[in-house]
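One structure below.
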Amino acid sequence: MARSIERMIGYRKLLADLEESGCPVCRGSVRAAAKYLESLLWENVNDAEVREGLRRDHGFCREHSLALLQVAAARSEALGVAIVYEDLLDHIERETVTEGTNPRRRSPRSWLNPRSGPSCRACAVADDVAVNYLRIIATSEPDTDAGRRLEGAVLC
């Protein structure tokens, strides 16, 4: 049931994105990542589970770190960014002490998001939307709304 609802939501958003020029998959995934970042700053910046996940991931990839700053600037949410990054930097500092590693011997980049898999939580959200859109596109019959709108659509 949940998968069906998720698919319906994605279907309607895909239809709207097909009305615009350019790749609807890219547009939908970029929008989803931006909404995730807005939600983080507006509603979840002090959520313990969200912050723990960000600590575990060592923050965001470069692209979404910059996007977070853009979202914060547009919404006057600089405090949210400061809270997130103060927490991340404190966590990384504690990691260096407990590992006995001299942080000056390691590149600062090596501490940021060294995990495999999606680069960050915003990437994971964007990837989920892209996969859902592509699943809908792949299974759409030519005589459906999506099938008709897909004629001539440009996909990256």
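For the structure tokens, the naming scheme is as follows: chains receive sequential letters (A, B, ...) according to their order of presentation, residues are indexed from 1 within each chain, and ligands are indexed from 1 in presentation order.
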Quick one: everything within 8 Å of Ile137 in chain A, counting only C-alpha atoms, minus sequence neighbours fewer than 2 positions away in the same chain. Send it as an MDAnalysis selection string. chainID A and resid 133:135 139:140 146:147 150
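Residues with any atom within 7 Å of range 73-83 of chain A, counting only C-alpha atoms and excluding same-chain neighbours fewer than 3 positions away, are Leu41, Val45, Leu69, Gln70, Glu86 and Asp87 of chain A.
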Output file for the selection above: N, CA, C and O atoms, as a PDB file, in the first residue's frame:
```
ATOM      1  N   LEU A  41      16.391  22.488   7.860  1.00  0.00           N
ATOM      2  CA  LEU A  41      16.612  23.773   8.528  1.00  0.00           C
ATOM      3  C   LEU A  41      15.371  24.270   9.257  1.00  0.00           C
ATOM      4  O   LEU A  41      15.476  24.885  10.323  1.00  0.00           O
ATOM      5  N   VAL A  45      16.329  20.609  12.467  1.00  0.00           N
ATOM      6  CA  VAL A  45      17.705  20.952  12.834  1.00  0.00           C
ATOM      7  C   VAL A  45      18.054  20.483  14.245  1.00  0.00           C
ATOM      8  O   VAL A  45      19.200  20.151  14.524  1.00  0.00           O
ATOM      9  N   LEU A  69      23.506  26.140   1.975  1.00  0.00           N
ATOM     10  CA  LEU A  69      23.765  27.568   2.188  1.00  0.00           C
ATOM     11  C   LEU A  69      22.803  28.437   1.377  1.00  0.00           C
ATOM     12  O   LEU A  69      22.331  29.469   1.856  1.00  0.00           O
ATOM     13  N   GLN A  70      22.505  28.011   0.149  1.00  0.00           N
ATOM     14  CA  GLN A  70      21.564  28.776  -0.683  1.00  0.00           C
ATOM     15  C   GLN A  70      20.163  28.752  -0.083  1.00  0.00           C
ATOM     16  O   GLN A  70      19.485  29.781  -0.039  1.00  0.00           O
ATOM     17  N   GLU A  86      28.285  23.222  13.586  1.00  0.00           N
ATOM     18  CA  GLU A  86      28.955  23.188  14.886  1.00  0.00           C
ATOM     19  C   GLU A  86      28.923  21.759  15.439  1.00  0.00           C
ATOM     20  O   GLU A  86      29.933  21.240  15.928  1.00  0.00           O
ATOM     21  N   ASP A  87      27.769  21.120  15.317  1.00  0.00           N
ATOM     22  CA  ASP A  87      27.623  19.743  15.780  1.00  0.00           C
ATOM     23  C   ASP A  87      28.535  18.804  14.992  1.00  0.00           C
ATOM     24  O   ASP A  87      29.211  17.948  15.567  1.00  0.00           O
TER      25      ASP A  87
END
```
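Using only C-alpha atoms, the smallest distance between any of A:Gly28, A:Gly22, A:Gly10, A:Gly59 and Cys120 in chain A comes from A:Gly59.
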Mind checking which residues fall within 10 Å of Val25 in chain A, counting only C-alpha atoms, ignoring those fewer than 2 positions away in the same chain, and posting them as a list in words? Leu14, Asp17, Leu18, Gly22, Cys23, Arg27, Gly28, Ser29, Val30, Arg31, Ala126, Asp127, Val129, Ala130, Val131, Asn132, Tyr133, Leu134, Ile137, Val154, Leu155 and Cys156 of chain A
Out of A:His64, A:Lys35, A:Arg12, A:Arg121, which residue has the shortest atom-to-atom distance to Glu52 in chain A when counting only C-alpha atoms? A:Arg121
